[in-house]
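Read the structure below first, then the notes.
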Amino acid sequence: MNKFLLQFVSVGSIAVLLSGCSLFFTDHSDDYQDVTKTHSTLESPEGSIESKDALVIPNEDAITDLTPTKPFVTPRAPFIYHPMVAVDVVEQEDAIEFSVPANKTQAKRVVSDFLTALYGAGESIASQTDDQITSVAFDFHPQGWWASLYSKITRLYPAKTVFAFGFTESEGQTLVRVQFRDEVQDAEPGPWVSPVVNSDAYTIAVRLWGTFGRQLNQSSAYLSNQNDASFYPVWVDHHGLYAIRLNDASPSGLKTALNAAGIYLVPGADNLLAPVLPENIARVGDVVDFTIPTGNGETQKLFNVRRRNLDDVSWDLREYSYKITEQKAGKFLVIDVSSVEQPEDPEVVSFHFAQRFIK
């Protein structure tokens, strides 16, 4: 057999294998299309109910309306606020002081747990005595790779924050004194100062105030006065933001509570309030003085400009939206401070509002 004949026979064999048996047998796969349909009628017994191919709704006659009046909204659990005990706050020149209704041991335990939660993994306390706790250095603004490399080359390291807590017990209460200082690698640490002068440190102090109030309310040591917590108007959530429990949530009752706290409703707007009179609220587009410092704390006006944003406006010159939310314990005034990013932290602004309702 020559080479050409061998190739021809091979190709023919492959073609027969690929075509299968259809070359030799008739394909009946489409015969069903020509088959005549058969019909059969279901015969029901005499007197039976006629069958219907329809959806049966039980007690349909008892349903008043099957047409939905509005789109269904998945219900969400209300935001939970927790009661606080009364913890007085005094801002000194070099510290913030909390008057905690607990003994020294309990106060130190709350601070220790607070630092552990704040620091995360690792030991959060650098040193501890009977009346003093000093934290490790907290890095609230970690450097990126390039910034870290720059610091290693220039030996200019960023400052880290260290907190000091002093405890003085007297007549069943403990005075907790909170201070902080900046520490820089290869440099002498600065003096202990009040957290008020630093936004990060101030936020931590404000958060500690809420932690004291919530934790001591749940503590068995404060059980004898626990019923008094329901009369304390400030409640706190897990994000460190505060709400005010209202005895009277009616429009007149809300206005009375706000006026007593030195807070005003914004006229002509729904659900807006401000810590100042409406005419003193800072707004984008206001004409303001452009000044430069001249030394000794004095400034000099150069010209007038229109305000482009509120970044340089303090919290007490802005307006805020609010809502009345309800949970099992009652109705709460919730002031939305989420829009505040500069110059104060939202937690600090919420703290300022809370203080107005208890002073």
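In the structure tokens, chains take letters A, B, ... by order of appearance, with residues numbered from 1 within each chain and ligands from 1 in the order shown.
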As a ChimeraX atom specification, please: every residue in segment 126-228 of chain A that DSSP puts in strand (DSSP E or B). /A:126-128,132-135,138,160-170,173-183,193
File dump, residues just selected, C-alpha atoms, as a JSON list (two decimals), in the first residue's frame:
[["chain", "number", "residue", "atom", "x", "y", "z"],
["A", 126, "ALA", "CA", 4.55, 51.92, 81.45],
["A", 127, "SER", "CA", 4.58, 52.38, 85.24],
["A", 128, "GLN", "CA", 2.11, 52.22, 88.11],
["A", 132, "GLN", "CA", -0.30, 57.14, 89.71],
["A", 133, "ILE", "CA", -0.58, 55.41, 86.33],
["A", 134, "THR", "CA", 1.65, 56.35, 83.40],
["A", 135, "SER", "CA", 0.82, 54.97, 79.98],
["A", 138, "PHE", "CA", 0.69, 56.32, 71.94],
["A", 160, "LYS", "CA", 4.22, 60.42, 70.65],
["A", 161, "THR", "CA", 1.67, 60.99, 73.41],
["A", 162, "VAL", "CA", 2.05, 59.74, 76.98],
["A", 163, "PHE", "CA", -0.72, 60.06, 79.57],
["A", 164, "ALA", "CA", -0.43, 60.36, 83.33],
["A", 165, "PHE", "CA", -3.33, 59.66, 85.70],
["A", 166, "GLY", "CA", -3.23, 60.72, 89.33],
["A", 167, "PHE", "CA", -5.67, 59.29, 91.91],
["A", 168, "THR", "CA", -6.67, 60.95, 95.17],
["A", 169, "GLU", "CA", -9.39, 59.27, 97.25],
["A", 170, "SER", "CA", -11.54, 61.26, 99.65],
["A", 173, "GLN", "CA", -14.90, 59.51, 95.82],
["A", 174, "THR", "CA", -11.72, 59.62, 93.78],
["A", 175, "LEU", "CA", -10.29, 62.66, 92.06],
["A", 176, "VAL", "CA", -8.69, 61.50, 88.81],
["A", 177, "ARG", "CA", -6.22, 64.00, 87.39],
["A", 178, "VAL", "CA", -5.44, 63.54, 83.68],
["A", 179, "GLN", "CA", -2.34, 65.04, 82.02],
["A", 180, "PHE", "CA", -0.25, 64.31, 78.94],
["A", 181, "ARG", "CA", 3.08, 65.19, 77.39],
["A", 182, "ASP", "CA", 4.80, 64.72, 74.05],
["A", 183, "GLU", "CA", 7.83, 62.46, 73.87],
["A", 193, "VAL", "CA", 0.14, 69.69, 80.46]]
Excluding Asp94 of chain A and any residue of its chain fewer than 2 positions from it, enumerate the residues within 9 Å of it, using only C-alpha atoms, and give them as an NGL selection string. :A and (91-92 or 96 or 178-179 or 192-196)
Could you save those same residues with C-alpha atoms as a CSV table (one decimal), in the first residue's frame?
chain,number,residue,atom,x,y,z
A,91,GLU,CA,-10.6,71.9,83.5
A,92,GLN,CA,-7.5,73.2,85.3
A,96,ILE,CA,-8.4,67.8,83.5
A,178,VAL,CA,-5.4,63.5,83.7
A,179,GLN,CA,-2.3,65.0,82.0
A,192,TRP,CA,3.0,67.5,81.7
A,193,VAL,CA,0.1,69.7,80.5
A,194,SER,CA,-3.6,69.6,80.2
A,195,PRO,CA,-5.2,67.5,77.4
A,196,VAL,CA,-7.2,70.6,76.3
Within 12 Å of Gly330 of chain A, counting only C-alpha atoms, which residues show up once you throw out same-chain ones fewer than 5 positions away? Write them as a PyMOL selection string, please. chain A and resi 78+80-83+230-231+233+235+243-249+324-325
Using DSSP on the backbone coordinates, identify all residues within segment 76-305 of chain A classified as helix (DSSP H, G or I); present the result as a PyMOL selection string. chain A and resi 104-119+145-154+195-197+199-217+220-231+251-260+278-280
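Checking A:Thr211, A:Ser321, A:Gln218, A:Ser148 one by one against Ser112 of chain A, counting only C-alpha atoms, you find the shortest gap at A:Thr211.
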